[in-house]
file query38.cif (mmCIF, C-alpha atoms and all ligand atoms)
data_model
#
loop_
_atom_site.label_atom_id
_atom_site.label_comp_id
_atom_site.auth_asym_id
_atom_site.auth_seq_id
_atom_site.Cartn_x
_atom_site.Cartn_y
_atom_site.Cartn_z
CA MET A 1 -181.37 71.28 40.90
CA LEU A 2 -181.21 73.21 37.66
CA THR A 3 -182.44 76.68 36.83
CA GLY A 4 -182.59 78.36 33.46
CA GLU A 5 -184.48 79.53 30.41
CA ILE A 6 -186.44 77.19 28.17
CA VAL A 7 -185.01 77.58 24.67
CA TRP A 8 -186.65 74.59 22.99
CA ILE A 9 -189.72 72.45 23.51
CA SER A 10 -190.32 69.12 21.81
CA PHE A 11 -193.59 68.60 19.97
CA SER A 12 -195.11 65.95 22.24
CA THR A 13 -197.95 65.70 24.75
CA ASN A 14 -195.66 65.82 27.76
CA PRO A 15 -192.85 67.80 26.18
CA ASP A 16 -189.13 67.70 26.85
CA TYR A 17 -187.40 71.03 27.34
CA ILE A 18 -183.96 72.22 26.40
CA VAL A 19 -182.91 74.62 29.12
CA LEU A 20 -180.12 77.18 28.89
CA THR A 21 -178.48 77.67 32.28
CA GLU A 22 -175.53 79.59 33.60
CA ASP A 23 -173.36 76.54 33.08
CA GLY A 24 -174.60 75.19 29.80
CA LEU A 25 -177.47 73.44 28.08
CA TYR A 26 -179.53 70.62 29.60
CA LYS A 27 -182.38 68.53 28.37
CA VAL A 28 -185.22 68.19 30.85
CA ILE A 29 -187.20 65.00 30.42
CA GLN A 30 -190.58 65.03 32.10
CA GLU A 31 -191.34 61.61 33.55
CA ASP A 32 -193.02 62.39 36.85
CA THR A 33 -194.03 65.94 35.96
CA GLN A 34 -196.51 67.33 33.45
CA SER A 35 -195.71 71.03 33.18
CA GLU A 36 -196.56 73.03 30.09
CA ALA A 37 -194.12 75.89 29.86
CA GLN A 38 -193.39 78.11 26.87
CA VAL A 39 -190.17 78.95 25.08
CA GLY A 40 -188.58 81.92 26.84
CA GLU A 41 -189.95 81.06 30.28
CA PHE A 42 -187.67 80.39 33.24
CA ILE A 43 -187.91 77.24 35.33
CA THR A 44 -186.29 75.47 38.27
CA VAL A 45 -186.15 71.72 37.93
CA LYS A 46 -185.55 69.05 40.56
CA GLY A 47 -184.64 65.60 39.37
CA THR A 48 -181.95 63.07 38.60
CA PRO A 49 -179.17 64.35 36.36
CA ARG A 50 -177.53 62.03 33.83
CA LYS A 51 -174.78 63.78 31.88
CA ASN A 52 -176.58 66.69 30.25
CA GLU A 53 -180.08 65.33 30.84
CA VAL A 54 -182.30 65.68 33.85
CA TYR A 55 -185.24 63.39 34.60
CA ALA A 56 -187.59 65.84 36.30
CA THR A 57 -189.43 65.15 39.53
CA GLU A 58 -190.48 68.75 40.02
CA VAL A 59 -190.74 71.74 37.68
CA GLU A 60 -191.34 75.20 39.06
CA MET A 61 -191.89 78.39 37.05
CA LEU A 62 -189.83 81.44 37.92
CA GLU A 63 -191.20 84.95 37.78
CA GLY A 64 -190.36 88.53 38.58
CA GLU A 65 -187.15 89.21 40.42
CA ARG A 66 -185.92 85.60 40.39
CA GLU A 67 -186.37 85.48 36.63
CA GLY A 68 -184.44 88.75 36.27
CA ILE A 69 -181.50 87.34 38.24
CA GLU A 70 -181.37 84.16 36.11
CA LYS A 71 -181.64 86.19 32.92
CA ALA A 72 -178.58 88.23 33.86
CA LYS A 73 -176.61 85.06 34.70
CA ILE A 74 -177.45 83.52 31.32
CA GLU A 75 -176.51 86.69 29.48
CA ALA A 76 -173.15 86.59 31.25
CA PHE A 77 -172.73 82.92 30.33
CA LEU A 78 -173.50 83.59 26.65
CA LYS A 79 -171.11 86.50 26.58
CA LYS A 80 -168.36 84.23 27.87
CA GLU A 81 -169.17 81.30 25.52
CA CYS A 82 -169.88 83.27 22.36
CA LYS A 83 -166.69 84.92 21.24
CA ALA A 84 -165.80 85.28 17.59
CA PHE A 85 -162.55 83.61 16.56
CA ASP A 86 -159.72 85.76 15.30
CA PHE A 87 -159.35 85.04 11.60
CA GLU A 88 -156.98 85.73 8.76
CA LEU A 89 -158.14 87.63 5.73
CA LEU A 90 -157.96 85.63 2.53
CA ALA A 91 -157.94 88.89 0.62
CA GLU A 92 -156.67 91.94 2.41
CA ASP A 93 -157.47 95.51 1.57
CA GLU A 94 -158.95 98.48 3.41
CA VAL A 95 -162.50 97.30 2.85
CA MET A 96 -161.85 93.82 4.26
CA LEU A 97 -160.05 95.29 7.27
CA LYS A 98 -163.05 97.46 8.02
CA LEU A 99 -165.33 94.43 7.69
CA VAL A 100 -163.61 92.51 10.51
CA LYS A 101 -165.70 94.21 13.18
CA PRO A 102 -169.14 93.66 11.60
CA LEU A 103 -168.10 90.09 10.70
CA LYS A 104 -167.21 89.36 14.31
CA HIS A 105 -170.41 90.97 15.51
CA ALA A 106 -172.42 88.82 13.08
CA ALA A 107 -170.54 85.69 14.17
CA GLU A 108 -171.25 86.34 17.85
CA PHE A 109 -174.88 87.10 17.08
CA MET A 110 -175.22 83.71 15.35
CA GLN A 111 -173.26 81.89 18.04
CA LYS A 112 -175.78 83.10 20.60
CA GLU A 113 -178.69 82.02 18.42
CA ILE A 114 -177.19 78.54 18.06
CA MET A 115 -176.74 78.36 21.84
CA ARG A 116 -180.42 79.29 22.11
CA CYS A 117 -181.38 76.44 19.73
CA THR A 118 -182.79 78.94 17.25
CA PRO A 119 -183.53 77.44 13.83
CA VAL A 120 -181.97 79.22 10.85
CA ILE A 121 -183.36 79.96 7.42
CA ASN A 122 -180.25 80.06 5.25
CA ARG A 123 -181.23 81.83 2.04
CA PHE A 124 -178.61 82.38 -0.64
CA HIS A 125 -178.35 83.99 -4.08
CA ASN A 126 -178.82 81.66 -7.05
CA ASP A 127 -175.32 81.76 -8.47
CA PRO A 128 -171.97 80.13 -7.61
CA ASP A 129 -171.10 82.98 -5.24
CA GLY A 130 -174.43 82.61 -3.44
CA ALA A 131 -174.42 78.81 -3.36
CA THR A 132 -170.92 78.64 -1.87
CA SER A 133 -171.98 81.30 0.64
CA GLY A 134 -174.92 79.11 1.64
CA ILE A 135 -172.67 76.06 2.08
CA LEU A 136 -170.13 78.03 4.14
CA LEU A 137 -172.89 79.39 6.38
CA LYS A 138 -174.59 76.07 7.00
CA ASN A 139 -171.36 74.24 7.74
CA ALA A 140 -170.08 76.92 10.09
CA LEU A 141 -173.33 76.91 12.06
CA LEU A 142 -173.19 73.12 12.40
CA GLU A 143 -169.51 73.19 13.31
CA PHE A 144 -170.16 75.67 16.11
CA ALA A 145 -173.15 73.61 17.25
CA LYS A 146 -171.01 70.48 17.31
CA GLU A 147 -168.61 72.16 19.73
CA LYS A 148 -171.08 74.03 21.89
CA ASN A 149 -174.65 72.79 21.61
CA PRO A 150 -175.05 68.99 21.57
CA PHE A 151 -178.81 69.33 21.15
CA TYR A 152 -178.72 71.40 17.97
CA GLU A 153 -180.08 69.43 15.01
CA ALA A 154 -179.00 69.79 11.37
CA LYS A 155 -182.66 69.82 10.31
CA TRP A 156 -183.15 73.11 12.16
CA ILE A 157 -181.29 74.80 9.31
CA SER A 158 -183.51 75.30 6.27
CA SER A 159 -181.41 76.18 3.24
CA LYS A 160 -183.30 77.98 0.50
CA GLN A 161 -182.08 79.27 -2.83
CA ALA A 162 -183.33 82.73 -3.81
CA ASP A 163 -184.49 83.49 -7.37
CA SER A 164 -182.46 86.70 -7.62
CA ALA A 165 -180.44 89.20 -5.59
CA ILE A 166 -183.73 90.48 -4.17
CA PHE A 167 -185.42 89.23 -1.01
CA GLU A 168 -189.04 89.10 -2.09
CA MET A 169 -192.48 89.17 -0.46
CA LYS A 170 -193.16 85.59 -1.58
CA ASN A 171 -190.00 84.57 0.34
CA VAL A 172 -191.40 86.01 3.57
CA HIS A 173 -194.63 84.08 3.10
CA ASP A 174 -192.62 80.93 2.55
CA ASP A 175 -190.52 81.60 5.66
CA VAL A 176 -193.63 82.19 7.77
CA GLU A 177 -194.76 78.70 6.68
CA THR A 178 -191.35 77.21 7.49
CA ALA A 179 -191.47 78.80 10.95
CA LYS A 180 -194.61 76.77 11.72
CA ASP A 181 -192.47 73.61 11.76
CA PHE A 182 -190.61 74.88 14.83
CA CYS A 183 -191.43 75.83 18.40
CA LYS A 184 -189.72 79.18 17.89
CA LYS A 185 -189.15 81.71 15.13
CA PRO A 186 -186.07 80.94 13.03
CA VAL A 187 -183.48 83.64 12.46
CA LEU A 188 -183.36 84.75 8.85
CA SER A 189 -179.92 84.66 7.26
CA LEU A 190 -179.59 86.25 3.81
CA VAL A 191 -176.29 85.84 2.02
CA ASP A 192 -175.14 87.39 -1.26
CA HIS A 193 -178.56 89.04 -1.62
CA GLY A 194 -181.15 90.92 0.39
CA ALA A 195 -179.35 94.19 1.22
CA ASN A 196 -180.63 96.20 -1.75
CA THR A 197 -183.45 98.77 -1.86
CA GLU A 198 -185.69 96.31 -3.73
CA SER A 199 -185.55 93.94 -0.72
CA VAL A 200 -186.60 96.48 1.92
CA HIS A 201 -190.35 95.89 1.58
CA ALA A 202 -189.97 92.15 2.26
CA LEU A 203 -187.44 92.78 5.05
CA GLU A 204 -189.99 95.02 6.77
CA GLU A 205 -192.59 92.28 6.45
CA ALA A 206 -190.18 89.70 7.92
CA HIS A 207 -189.39 92.09 10.77
CA LYS A 208 -193.11 92.59 11.42
CA ASN A 209 -193.48 88.82 11.57
CA GLY A 210 -190.91 88.63 14.35
CA PHE A 211 -187.90 87.31 12.43
CA LYS A 212 -184.44 88.38 13.50
CA ILE A 213 -182.36 89.10 10.39
CA MET A 214 -178.71 88.74 9.41
CA ILE A 215 -177.51 89.97 6.01
CA ILE A 216 -174.09 89.32 4.47
CA ASP A 217 -173.93 90.92 1.04
CA HIS A 218 -171.92 92.92 -1.46
CA HIS A 219 -174.71 94.21 -3.68
CA PRO A 220 -175.70 97.90 -3.37
CA TYR A 221 -177.32 98.33 0.01
CA ALA A 222 -180.16 100.32 1.54
CA GLN A 223 -179.82 101.97 4.94
CA GLU A 224 -183.25 100.52 5.84
CA ALA A 225 -181.92 96.99 5.26
CA LYS A 226 -179.22 97.69 7.82
CA SER A 227 -181.68 99.16 10.33
CA LEU A 228 -183.95 96.12 10.04
CA SER A 229 -181.09 93.65 10.69
CA GLN A 230 -179.60 92.43 13.96
CA ALA A 231 -176.36 91.73 12.09
CA PHE A 232 -175.40 93.42 8.83
CA VAL A 233 -172.22 92.85 6.84
CA SER A 234 -172.03 94.86 3.63
CA ALA A 235 -168.87 95.35 1.60
CA ARG A 236 -170.55 98.40 0.03
CA GLU A 237 -170.86 100.10 3.37
CA PHE A 238 -167.07 100.49 3.38
CA GLY A 239 -166.58 101.32 -0.28
CA GLY A 240 -166.25 97.74 -1.49
CA GLY A 241 -168.22 96.06 -4.22
CA SER A 242 -168.26 93.24 -6.70
CA ILE A 243 -164.77 91.93 -5.84
CA HIS A 244 -165.67 91.54 -2.15
CA CYS A 245 -168.09 88.82 -3.07
CA GLY A 246 -170.59 87.02 -0.84
CA GLY A 247 -168.55 83.83 -0.69
CA LEU A 248 -165.44 85.70 0.40
CA LEU A 249 -167.39 87.45 3.19
CA SER A 250 -169.10 84.18 4.15
CA TYR A 251 -165.74 82.44 4.33
CA GLU A 252 -164.43 85.02 6.80
CA PHE A 253 -167.75 84.87 8.68
CA ALA A 254 -167.45 81.07 8.91
CA LEU A 255 -163.93 81.41 10.33
CA ALA A 256 -165.11 83.97 12.87
CA LEU A 257 -168.05 81.77 13.85
CA SER A 258 -166.46 78.35 14.05
CA GLY A 259 -162.73 78.70 13.43
CA LYS A 260 -163.03 76.51 10.31
CA ALA A 261 -163.98 77.05 6.67
CA ASP A 262 -163.29 75.55 3.25
CA LYS A 263 -161.09 77.98 1.33
CA LYS A 264 -161.95 76.41 -2.00
CA LEU A 265 -165.56 77.52 -1.62
CA ALA A 266 -164.38 81.12 -1.31
CA GLU A 267 -162.25 80.67 -4.43
CA ILE A 268 -165.19 79.30 -6.42
CA ALA A 269 -167.24 82.28 -5.22
CA MET A 270 -164.54 84.76 -6.27
CA GLU A 271 -164.14 83.19 -9.70
CA GLY A 272 -167.93 83.08 -10.11
CA ASP A 273 -168.27 86.78 -9.32
CA LYS A 274 -165.11 87.67 -11.29
CA SER A 275 -163.36 88.99 -8.19
CA THR A 276 -159.83 90.10 -8.98
CA PHE A 277 -158.73 88.68 -5.61
CA PHE A 278 -158.62 85.24 -7.24
CA LYS A 279 -156.62 84.54 -10.38
CA GLY A 280 -157.10 80.79 -10.73
CA HIS A 281 -159.47 78.72 -12.81
CA LEU A 282 -161.59 76.00 -11.20
CA HIS A 283 -163.95 73.70 -13.07
CA GLU A 284 -166.12 73.69 -9.94
CA THR A 285 -167.19 77.27 -10.70
CA LEU A 286 -168.79 76.56 -14.06
CA ALA A 287 -170.15 73.24 -12.80
CA LEU A 288 -171.92 75.09 -9.99
CA ASP A 289 -173.06 77.85 -12.35
CA TYR A 290 -174.80 75.09 -14.32
CA LEU A 291 -176.17 73.27 -11.26
CA VAL A 292 -177.89 76.27 -9.67
CA THR A 293 -180.10 76.57 -12.76
CA LYS A 294 -181.06 72.90 -12.63
CA GLY A 295 -182.15 72.52 -9.02
CA LYS A 296 -182.05 74.31 -5.72
CA ASP A 297 -180.60 71.66 -3.47
CA LEU A 298 -177.58 72.71 -1.42
CA LYS A 299 -176.87 69.09 -0.48
CA LYS A 300 -176.62 68.16 -4.15
CA TYR A 301 -174.16 71.00 -4.76
CA GLU A 302 -172.00 69.73 -1.91
CA LYS A 303 -172.15 66.20 -3.24
CA VAL A 304 -171.02 67.30 -6.70
CA LEU A 305 -168.25 69.54 -5.36
CA ALA A 306 -166.89 66.65 -3.29
CA ASP A 307 -166.63 64.36 -6.34
CA LYS A 308 -164.09 65.10 -9.09
CA HIS A 309 -165.99 63.09 -11.68
CA LEU A 310 -169.29 64.81 -10.98
CA VAL A 311 -167.53 68.18 -11.21
CA GLU A 312 -166.15 67.23 -14.65
CA LEU A 313 -169.51 65.91 -15.83
CA ASN A 314 -171.32 69.12 -14.89
CA TYR A 315 -168.49 71.28 -16.23
CA LEU A 316 -168.81 69.53 -19.56
CA LYS A 317 -172.59 69.93 -19.64
CA ALA A 318 -172.16 73.64 -18.93
CA THR A 319 -169.52 74.09 -21.61
CA GLN A 320 -171.65 72.35 -24.24
CA ALA A 321 -174.74 74.36 -23.30
CA ILE A 322 -172.78 77.62 -23.56
CA LYS A 323 -171.41 76.64 -26.96
CA LYS A 324 -174.89 75.87 -28.25
CA ALA A 325 -176.30 79.11 -26.84
CA GLY A 326 -173.42 81.01 -28.42
CA GLU A 327 -174.26 79.56 -31.83
CA ILE A 328 -177.93 80.51 -31.50
CA ALA A 329 -176.95 84.01 -30.32
CA HIS A 330 -174.56 84.39 -33.25
CA GLU A 331 -177.26 83.40 -35.77
CA ASN A 332 -179.53 86.06 -34.30
CA THR A 333 -177.06 88.93 -34.35
CA THR A 334 -177.31 91.96 -36.62
CA HIS A 335 -174.72 94.74 -36.90
CA VAL A 336 -174.89 98.51 -36.97
CA ILE A 337 -171.86 100.49 -38.15
CA ALA A 338 -171.09 103.56 -36.03
CA GLY A 339 -168.10 105.54 -37.31
CA ARG A 340 -165.05 103.33 -36.87
CA GLY A 341 -167.02 101.28 -34.39
CA LYS A 342 -169.67 98.65 -34.44
CA ILE A 343 -172.80 97.69 -32.52
CA ASN A 344 -173.80 94.02 -32.37
CA LEU A 345 -177.49 93.49 -31.69
CA VAL A 346 -178.28 90.05 -30.35
CA TYR A 347 -181.96 89.10 -30.36
CA LEU A 348 -182.42 86.96 -27.24
CA LYS A 349 -185.91 85.52 -27.77
CA PRO A 350 -184.68 82.36 -29.56
CA LEU A 351 -182.61 81.64 -26.43
CA HIS A 352 -185.59 81.71 -24.08
CA LYS A 353 -186.17 77.98 -24.36
CA LEU A 354 -182.75 77.30 -22.83
CA THR A 355 -182.63 77.16 -19.02
CA TYR A 356 -178.84 77.53 -19.16
CA PRO A 357 -176.68 79.61 -19.60
CA PRO A 358 -177.90 83.00 -18.31
CA LYS A 359 -178.59 85.46 -21.15
CA GLY A 360 -175.53 87.53 -20.23
CA THR A 361 -173.30 84.55 -20.99
CA SER A 362 -174.86 84.14 -24.44
CA VAL A 363 -174.29 87.83 -25.17
CA GLN A 364 -170.71 87.43 -24.00
CA GLU A 365 -170.26 84.49 -26.41
CA VAL A 366 -170.95 86.87 -29.31
CA HIS A 367 -169.05 89.75 -27.77
CA LYS A 368 -165.85 87.88 -26.90
CA HIS A 369 -164.76 87.82 -30.59
CA PHE A 370 -164.62 91.62 -30.53
CA GLU A 371 -162.88 92.06 -27.19
CA GLY A 372 -159.38 92.64 -28.57
CA LYS A 373 -160.30 94.70 -31.67
CA ASP A 374 -158.70 98.11 -32.25
CA TYR A 375 -162.05 99.80 -32.80
CA PRO A 376 -164.92 100.34 -30.36
CA VAL A 377 -167.54 97.61 -30.13
CA VAL A 378 -170.70 97.49 -28.03
CA THR A 379 -172.76 94.30 -28.00
CA ILE A 380 -176.39 94.62 -26.91
CA GLY A 381 -178.52 91.58 -26.17
CA TYR A 382 -182.23 92.42 -26.16
CA ASP A 383 -185.74 91.09 -26.02
CA ASP A 384 -189.04 92.71 -25.01
CA GLU A 385 -188.01 92.97 -21.37
CA ARG A 386 -184.32 93.65 -21.19
CA CYS A 387 -181.11 95.01 -22.69
CA ILE A 388 -177.75 93.49 -21.79
CA PHE A 389 -174.60 95.47 -22.59
CA ARG A 390 -171.03 94.34 -23.18
CA VAL A 391 -168.39 96.91 -24.14
CA ASN A 392 -164.93 96.11 -25.51
CA SER A 393 -161.80 97.57 -23.98
CA TYR A 394 -161.17 99.93 -26.90
CA ALA A 395 -164.52 101.70 -26.50
CA THR A 396 -164.74 104.70 -24.19
CA PHE A 397 -168.51 104.20 -24.01
CA LYS A 398 -169.79 103.66 -20.44
CA ALA A 399 -172.80 101.32 -20.33
CA ASN A 400 -173.88 102.22 -16.78
CA GLU A 401 -173.94 105.95 -17.59
CA THR A 402 -176.04 105.50 -20.71
CA ILE A 403 -178.43 103.27 -18.77
CA GLY A 404 -178.78 106.06 -16.20
CA LYS A 405 -179.57 108.58 -18.91
CA ILE A 406 -182.13 106.31 -20.64
CA ARG A 407 -183.83 105.49 -17.34
CA LYS A 408 -184.22 109.18 -16.58
CA GLU A 409 -185.95 109.63 -19.94
CA PHE A 410 -188.28 106.65 -19.67
CA GLY A 411 -188.96 106.51 -15.92
CA SER A 412 -191.15 103.60 -14.85
CA ALA A 413 -190.93 101.97 -18.31
CA THR A 414 -187.33 101.07 -17.31
CA PRO A 415 -187.96 99.76 -13.77
CA SER A 416 -184.39 98.73 -13.02
CA GLY A 417 -180.92 98.81 -14.49
CA GLY A 418 -177.27 99.36 -13.81
CA GLY A 419 -173.94 97.64 -13.57
CA HIS A 420 -170.47 98.57 -14.67
CA GLU A 421 -168.95 100.53 -17.56
CA LYS A 422 -168.18 97.41 -19.58
CA ALA A 423 -171.02 95.11 -18.49
CA ALA A 424 -174.50 96.22 -17.47
CA SER A 425 -178.17 95.52 -18.00
CA MET A 426 -181.55 97.20 -17.90
CA ARG A 427 -185.16 96.03 -17.59
CA MET A 428 -187.78 97.43 -19.97
CA GLN A 429 -191.56 97.33 -19.94
CA ILE A 430 -193.31 95.76 -22.87
CA PRO A 431 -195.49 98.45 -24.44
CA ARG A 432 -192.48 100.79 -24.78
CA SER A 433 -189.57 98.36 -25.17
CA LYS A 434 -189.19 98.83 -28.93
CA GLU A 435 -189.06 102.59 -28.54
CA ILE A 436 -186.57 102.30 -25.65
CA LEU A 437 -184.30 99.99 -27.64
CA GLU A 438 -184.28 102.43 -30.55
CA ARG A 439 -183.21 105.21 -28.19
CA VAL A 440 -180.51 102.97 -26.72
CA VAL A 441 -179.07 102.19 -30.15
CA GLU A 442 -179.24 105.86 -31.16
CA GLU A 443 -177.39 106.83 -27.99
CA VAL A 444 -174.70 104.14 -28.36
CA LYS A 445 -174.24 105.06 -32.03
CA LYS A 446 -173.72 108.72 -31.16
CA GLU A 447 -171.12 107.79 -28.52
CA LEU A 448 -169.19 105.45 -30.83
CA GLU A 449 -169.24 107.95 -33.69
CA GLY A 450 -167.77 110.50 -31.34
CA GLN A 451 -164.79 108.27 -30.56
CA GLU A 452 -161.68 108.29 -32.75
MN MN A 501 -172.29 87.78 -5.42
#
call {"tool": "encode", "arguments": {"input": "query38.cif", "output": "structure tokens"}}
result
Amino acid sequence: MLTGEIVWISFSTNPDYIVLTEDGLYKVIQEDTQSEAQVGEFITVKGTPRKNEVYATEVEMLEGEREGIEKAKIEAFLKKECKAFDFELLAEDEVMLKLVKPLKHAAEFMQKEIMRCTPVINRFHNDPDGATSGILLKNALLEFAKEKNPFYEAKWISSKQADSAIFEMKNVHDDVETAKDFCKKPVLSLVDHGANTESVHALEEAHKNGFKIMIIDHHPYAQEAKSLSQAFVSAREFGGGSIHCGGLLSYEFALALSGKADKKLAEIAMEGDKSTFFKGHLHETLALDYLVTKGKDLKKYEKVLADKHLVELNYLKATQAIKKAGEIAHENTTHVIAGRGKINLVYLKPLHKLTYPPKGTSVQEVHKHFEGKDYPVVTIGYDDERCIFRVNSYATFKANETIGKIRKEFGSATPSGGGHEKAASMRMQIPRSKEILERVVEEVKKELEGQE
């Protein structure tokens, strides 16, 4: 006899059940019975056991007090089975040390979901940091499943590449559709994106739709994003930031979840996000940077990363594309003299036809020739919708501060913007973009003229 909670039901006329009991998972095959139970209901089954399968001769539903007793036993079983591994920190500082607890909590949360056969939507940011995060997550979930849940299927994990660092309303609609393929709601895992204020609206919608949510991120975070999540790992919550990148956090999460993780993926992530925790140079990083703009297929990324020749091929394609973009950017650059300093204005529209590299890389291609100069240089890439700033080390100008000032002046005509002192960007709205750009240049000019 077997008693437990139904955690999975097959899509068939006389369905099989996967039942979570106080001593593990069993598949119940209905041969002589024809019950129609729901996920989350408790049953007692009589029948012939064969390994972890039972051929049912009798299925009885449990209710009330008996259900309560079984529920408590299963909770106790999950508590015993789902314990995060101790893990070493690849990069150790105060922020990472403080993240150990939320990482372990997130790992145990996911372990329990895997034990419950919950499908996972594994959404990741569309850059090398995000893509490696997505790979680390998926593999850790499958590794844990391999050890603990023989019924868990790889196809229950739906990996999806985001279009930005924002979890959007259209994503929720897509996830609601994905959920229809399963007998239960998947848990939503958002890595290297989704924690910011701009994502809150969609997170609320996902919550309303019954999704449990896990977020692992290092972008600026909103308190609401934390409140809406069952598990929330944010480097920003403990004073961290860009160097504590998604792939680094996902690597530690993977170790906590399954005891195993590929360190190289964390290194690619760190290089991709320019984390100072990693000093090396890997061709995989640029290859992946190129690949994420050409498709959205996590399996393809893994295939390329596992093959030296494919890495080189994609690295070369990326390098050539950057060189070409740099030439176009250079041809479309004008200069403004500002005291001892200089402003480079790169018109980005001619680059729109290129799907790779990102516009920031093209701006950097122009800017890099001025990096070591002994006078201040600010390079601004612009089109009707954005300004991208690069500031050389000599300049005391702070791009993020000027963006803040401009955004205060123009309000909703500059819907978003920010970044660092030396590299930042701002969105502009079309009817006023020319006027905004003129103000930006005026402001930068004043700052550079004020510097010796
Ligand atoms: Mn990142």
call {"tool": "closest_atom_pairs", "arguments": {"input": "query38.cif", "of": "chain A", "to": "ligand MN 501 (chain A)", "cutoff": "10 Å", "atoms": "only C-alpha atoms and all ligand atoms", "output": "Markdown table"}}
result
| residue | atom | partner | partner_atom | distance |
| --- | --- | --- | --- | --- |
| A:Phe124 | CA | A:MN501 | MN | 9.6 |
| A:His125 | CA | A:MN501 | MN | 7.3 |
| A:Asn126 | CA | A:MN501 | MN | 9.1 |
| A:Asp127 | CA | A:MN501 | MN | 7.4 |
| A:Pro128 | CA | A:MN501 | MN | 8.0 |
| A:Asp129 | CA | A:MN501 | MN | 4.9 |
| A:Gly130 | CA | A:MN501 | MN | 5.9 |
| A:Ala131 | CA | A:MN501 | MN | 9.4 |
| A:Thr132 | CA | A:MN501 | MN | 9.9 |
| A:Ser133 | CA | A:MN501 | MN | 8.9 |
| A:Ala165 | CA | A:MN501 | MN | 8.3 |
| A:Val191 | CA | A:MN501 | MN | 8.7 |
| A:Asp192 | CA | A:MN501 | MN | 5.1 |
| A:His193 | CA | A:MN501 | MN | 7.4 |
| A:Asp217 | CA | A:MN501 | MN | 7.4 |
| A:His218 | CA | A:MN501 | MN | 6.5 |
| A:His219 | CA | A:MN501 | MN | 7.1 |
| A:Gly241 | CA | A:MN501 | MN | 9.3 |
| A:Ser242 | CA | A:MN501 | MN | 6.9 |
| A:Ile243 | CA | A:MN501 | MN | 8.6 |
| A:His244 | CA | A:MN501 | MN | 8.3 |
| A:Cys245 | CA | A:MN501 | MN | 4.9 |
| A:Gly246 | CA | A:MN501 | MN | 4.9 |
| A:Gly247 | CA | A:MN501 | MN | 7.2 |
| A:Leu248 | CA | A:MN501 | MN | 9.2 |
| A:Leu249 | CA | A:MN501 | MN | 9.9 |
| A:Ala269 | CA | A:MN501 | MN | 7.5 |
| A:Met270 | CA | A:MN501 | MN | 8.4 |
| A:Gly272 | CA | A:MN501 | MN | 7.9 |
| A:Asp273 | CA | A:MN501 | MN | 5.7 |
| A:Lys274 | CA | A:MN501 | MN | 9.3 |
| A:Ser275 | CA | A:MN501 | MN | 9.4 |
call {"tool": "closest_residue", "arguments": {"input": "query38.cif", "among": "A:His201, A:Asn196, A:Pro350, A:Ile135", "to": "Glu302 of chain A", "atoms": "all atoms listed in the file"}}
result
A:Ile135
call {"tool": "residues_around", "arguments": {"input": "query38.cif", "residues": "Ala329 of chain A", "least_positions_apart": "5", "cutoff": "9 Å", "atoms": "all atoms listed in the file", "output": "list in words"}}
result
Lys324, Val346, Tyr347, Leu348, Pro350, Leu351, Ser362, Val363, Glu365, Val366 and Gly381 of chain A
call {"tool": "write_last_selection", "arguments": {"input": "query38.cif", "atoms": "C-alpha atoms", "output": "compact mmCIF listing (two decimals), keeping the file's coordinate frame"}}
result
# COMPACT_ATOMS: atom_id res chain seq x y z
CA LYS A 324 -174.89 75.87 -28.25
CA VAL A 346 -178.28 90.05 -30.35
CA TYR A 347 -181.96 89.10 -30.36
CA LEU A 348 -182.42 86.96 -27.24
CA PRO A 350 -184.68 82.36 -29.56
CA LEU A 351 -182.61 81.64 -26.43
CA SER A 362 -174.86 84.14 -24.44
CA VAL A 363 -174.29 87.83 -25.17
CA GLU A 365 -170.26 84.49 -26.41
CA VAL A 366 -170.95 86.87 -29.31
CA GLY A 381 -178.52 91.58 -26.17
call {"tool": "atom_distance", "arguments": {"input": "query38.cif", "atom1": "atom CA of Glu94 of chain A", "atom2": "atom CA of Met214 of chain A"}}
result
22.8 Å
call {"tool": "residues_around", "arguments": {"input": "query38.cif", "residues": "Gln230 of chain A", "least_positions_apart": "4", "cutoff": "12 Å", "atoms": "only C-alpha atoms", "output": "PyMOL selection string"}}
result
chain A and resi 102+105-110+113+187-190+203+207+210-216+225-226
call {"tool": "write_last_selection", "arguments": {"input": "query38.cif", "atoms": "C-alpha atoms", "output": "mmCIF file, in the coordinates of the input"}}
result
data_model
loop_
_atom_site.group_PDB
_atom_site.id
_atom_site.type_symbol
_atom_site.label_atom_id
_atom_site.label_comp_id
_atom_site.auth_asym_id
_atom_site.auth_seq_id
_atom_site.Cartn_x
_atom_site.Cartn_y
_atom_site.Cartn_z
ATOM 1 C CA PRO A 102 -169.140 93.660 11.600
ATOM 2 C CA HIS A 105 -170.410 90.970 15.510
ATOM 3 C CA ALA A 106 -172.420 88.820 13.080
ATOM 4 C CA ALA A 107 -170.540 85.690 14.170
ATOM 5 C CA GLU A 108 -171.250 86.340 17.850
ATOM 6 C CA PHE A 109 -174.880 87.100 17.080
ATOM 7 C CA MET A 110 -175.220 83.710 15.350
ATOM 8 C CA GLU A 113 -178.690 82.020 18.420
ATOM 9 C CA VAL A 187 -183.480 83.640 12.460
ATOM 10 C CA LEU A 188 -183.360 84.750 8.850
ATOM 11 C CA SER A 189 -179.920 84.660 7.260
ATOM 12 C CA LEU A 190 -179.590 86.250 3.810
ATOM 13 C CA LEU A 203 -187.440 92.780 5.050
ATOM 14 C CA HIS A 207 -189.390 92.090 10.770
ATOM 15 C CA GLY A 210 -190.910 88.630 14.350
ATOM 16 C CA PHE A 211 -187.900 87.310 12.430
ATOM 17 C CA LYS A 212 -184.440 88.380 13.500
ATOM 18 C CA ILE A 213 -182.360 89.100 10.390
ATOM 19 C CA MET A 214 -178.710 88.740 9.410
ATOM 20 C CA ILE A 215 -177.510 89.970 6.010
ATOM 21 C CA ILE A 216 -174.090 89.320 4.470
ATOM 22 C CA ALA A 225 -181.920 96.990 5.260
ATOM 23 C CA LYS A 226 -179.220 97.690 7.820
#
